[in-house]
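Worksheet for the structure shown next.
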Amino acid sequence: AQKITQTQPGMFVQEKEAVTLDCTYDTSDPSYGLFWYKQPSSGEMIFLIYQGSYDQQNATEGRYSLNFQKARKSANLVISASQLGDSAMYFCAMRETTGNQFYFGTGTSLTVIP
Amino acid sequence: DTGVSQDPRHKITKRGQNVTFRCDPISEHNRLYWYRQTLGQGPEFLTYFQNEAQLEKSRLLSDRFSAERPKGSFSTLEIQRTEQGDSAMYLCASSLLAAPPSGNTIYFGEGSWLTVV
């Protein structure tokens with residue numbers, strides 16, 4: 001089974017609007033971390049935000065927030081006030097405490113429309 | 001620049017040739033990872049080092065692939081007898097073995113694009 005599922009291959013959002021990128025995960029490990037990365041066309045994977053499985057509050061980093069619903073095993077990324085520079089691929093990832101590797105989804109391509 | 005750096009950024013090679021990629025992690029990071037990414041996919045784990053010890057290898061890492069981190073600092077990934085299926089971006093990442101939250105995040109380099117013709 002896929003560890004990370006991103007069901008939106010592509011998304012469009014109007015500049016200055018908010019957008020939600022979906023991510024669901026699968027693990028039986030009680031302790032894990034969830035991450036979002038941005039990958040522009042240049043290729044570099046840029047860390048955006050982290051959520052620990054035991055964190056009580058949703059993580060926020062500037063315009064990025066993570067909507068963590070543990071019972072549903074979802075960790076959606078919300079980008080507020082979209083900017084043209086937000087156009088990129090976005091990857092959700094998970095690291096289980098029992099392992100050392102990060103599992104990535106297939107990504108969502110976000111296009112911000114002026 | 002104190003981020004993860006990779007060299008070369010782009011490599012075109014003929015099938016059957018050997019190629020080597022180098023990764024310099026963030027200086028205080030003791031964990032180093034190699035990932036492979038093909039078009040339309042997320043990164044796939046290849047291998048991981050803690051200091052100079054290679055602690056985990058994916059089954060994606062065939063016998064033609066070898067990775068080293070001789071002094072626990074930079075790392076090399078060598079692919080011998082390259083095949084067209086090896087064409088991909090090879091990403092290096094590093095992290096610090098530490099308590100959460102800082103110890104949970106891996107930071108990537110810009111990747112090394114390999115094209116096998």
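Here's how to read the names in the structure tokens: chain A, B, ... by the order shown, residue numbers from 1 in each chain, ligand numbers from 1 in the order shown.
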
Please produce, as JSON lines, a per-residue contact table for chain B versus chain A (criterion: any atom at most 7 Å away, only C-alpha atoms considered), showing the nearest atom pair and its distance in Å to one decimal, sorted by chain then residue number.
```
{"residue": "B:Gly40", "atom": "CA", "partner": "A:Thr106", "partner_atom": "CA", "distance": 6.8}
{"residue": "B:Gln41", "atom": "CA", "partner": "A:Thr106", "partner_atom": "CA", "distance": 4.8}
{"residue": "B:Gly42", "atom": "CA", "partner": "A:Thr106", "partner_atom": "CA", "distance": 4.6}
{"residue": "B:Pro43", "atom": "CA", "partner": "A:Phe104", "partner_atom": "CA", "distance": 6.1}
{"residue": "B:Phe45", "atom": "CA", "partner": "A:Gln101", "partner_atom": "CA", "distance": 6.6}
{"residue": "B:Tyr107", "atom": "CA", "partner": "A:Phe47", "partner_atom": "CA", "distance": 6.7}
{"residue": "B:Phe108", "atom": "CA", "partner": "A:Met45", "partner_atom": "CA", "distance": 5.6}
{"residue": "B:Gly109", "atom": "CA", "partner": "A:Glu44", "partner_atom": "CA", "distance": 6.0}
{"residue": "B:Glu110", "atom": "CA", "partner": "A:Glu44", "partner_atom": "CA", "distance": 4.0}
{"residue": "B:Gly111", "atom": "CA", "partner": "A:Glu44", "partner_atom": "CA", "distance": 6.4}
```

Output C-alpha atoms of each residue in that selection to a file, as a compact mmCIF listing (two decimals), in the first residue's frame.
```txt
# COMPACT_ATOMS: atom_id res chain seq x y z
CA GLY B 40 6.12 12.64 -12.56
CA GLN B 41 7.16 10.81 -9.41
CA GLY B 42 8.17 11.74 -5.94
CA PRO B 43 11.68 11.03 -4.65
CA PHE B 45 14.82 6.41 -1.17
CA TYR B 107 17.21 19.34 3.64
CA PHE B 108 17.80 18.64 -0.01
CA GLY B 109 20.36 19.78 -2.51
CA GLU B 110 19.44 20.95 -5.99
CA GLY B 111 19.90 17.49 -7.45
```

Give me, as a VMD selection string, the residues of chain B that a backbone DSSP run labels helix (DSSP H, G or I).
chain B and resid 84 to 86 102 to 104

What would the file look like if the residues just selected were written as a PDB file, in the first residue's frame with N, CA, C and O atoms?
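The new file result30.pdb reads:
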```
ATOM      1  N   GLN B  84      19.825   3.089 -19.710  1.00  0.00           N
ATOM      2  CA  GLN B  84      18.909   4.188 -19.986  1.00  0.00           C
ATOM      3  C   GLN B  84      17.905   4.368 -18.851  1.00  0.00           C
ATOM      4  O   GLN B  84      17.474   5.479 -18.553  1.00  0.00           O
ATOM      5  N   GLY B  85      17.576   3.301 -18.181  1.00  0.00           N
ATOM      6  CA  GLY B  85      16.648   3.378 -17.058  1.00  0.00           C
ATOM      7  C   GLY B  85      17.208   4.102 -15.846  1.00  0.00           C
ATOM      8  O   GLY B  85      16.466   4.404 -14.910  1.00  0.00           O
ATOM      9  N   ASP B  86      18.508   4.378 -15.872  1.00  0.00           N
ATOM     10  CA  ASP B  86      19.110   5.128 -14.771  1.00  0.00           C
ATOM     11  C   ASP B  86      18.889   6.626 -14.919  1.00  0.00           C
ATOM     12  O   ASP B  86      19.179   7.391 -13.993  1.00  0.00           O
ATOM     13  N   SER B 102      13.752  19.735  15.341  1.00  0.00           N
ATOM     14  CA  SER B 102      14.834  20.038  14.401  1.00  0.00           C
ATOM     15  C   SER B 102      15.444  18.778  13.814  1.00  0.00           C
ATOM     16  O   SER B 102      15.957  18.787  12.709  1.00  0.00           O
ATOM     17  N   GLY B 103      15.381  17.681  14.526  1.00  0.00           N
ATOM     18  CA  GLY B 103      16.013  16.474  14.030  1.00  0.00           C
ATOM     19  C   GLY B 103      15.161  15.701  13.050  1.00  0.00           C
ATOM     20  O   GLY B 103      15.567  14.653  12.578  1.00  0.00           O
ATOM     21  N   ASN B 104      14.001  16.175  12.762  1.00  0.00           N
ATOM     22  CA  ASN B 104      13.100  15.423  11.904  1.00  0.00           C
ATOM     23  C   ASN B 104      13.128  15.857  10.468  1.00  0.00           C
ATOM     24  O   ASN B 104      12.558  15.193   9.618  1.00  0.00           O
TER      25      ASN B 104
END
```

Non-local contacts of Ser62 in chain B (12 Å; only C-alpha atoms; under 5 positions in same chain excluded) as number ranges by chain
B: 46-47, 57, 67, 78-83, 86

If you run DSSP over the backbone, which residues in range 33-73 of chain A end up strand (DSSP E or B)? Put them as a PyMOL selection string.
chain A and resi 33-39+46-52+60-61+64-69

What's around Glu17 in chain A at 9 Å? Count only C-alpha atoms, leave out sequence neighbours fewer than 4 positions away in its own chain, and write the answer as a ChimeraX atom specification.
/A:13,79-83

Contacts of Ser112 in chain B at 8 Å or less, counting only C-alpha atoms, minus same-chain residues fewer than 6 places along, as a list in words?
Gln6, Asp7, Pro8, Arg9, His10, Lys11, Phe21, Met89, Tyr90 and Leu91 of chain B

Give me, as a PyMOL selection string, all polymer residues having an atom no more than 10 Å from Gln14 in chain A, counting only C-alpha atoms and skipping those fewer than 4 positions away in the same chain.
chain A and resi 18-19+81-84+111-114
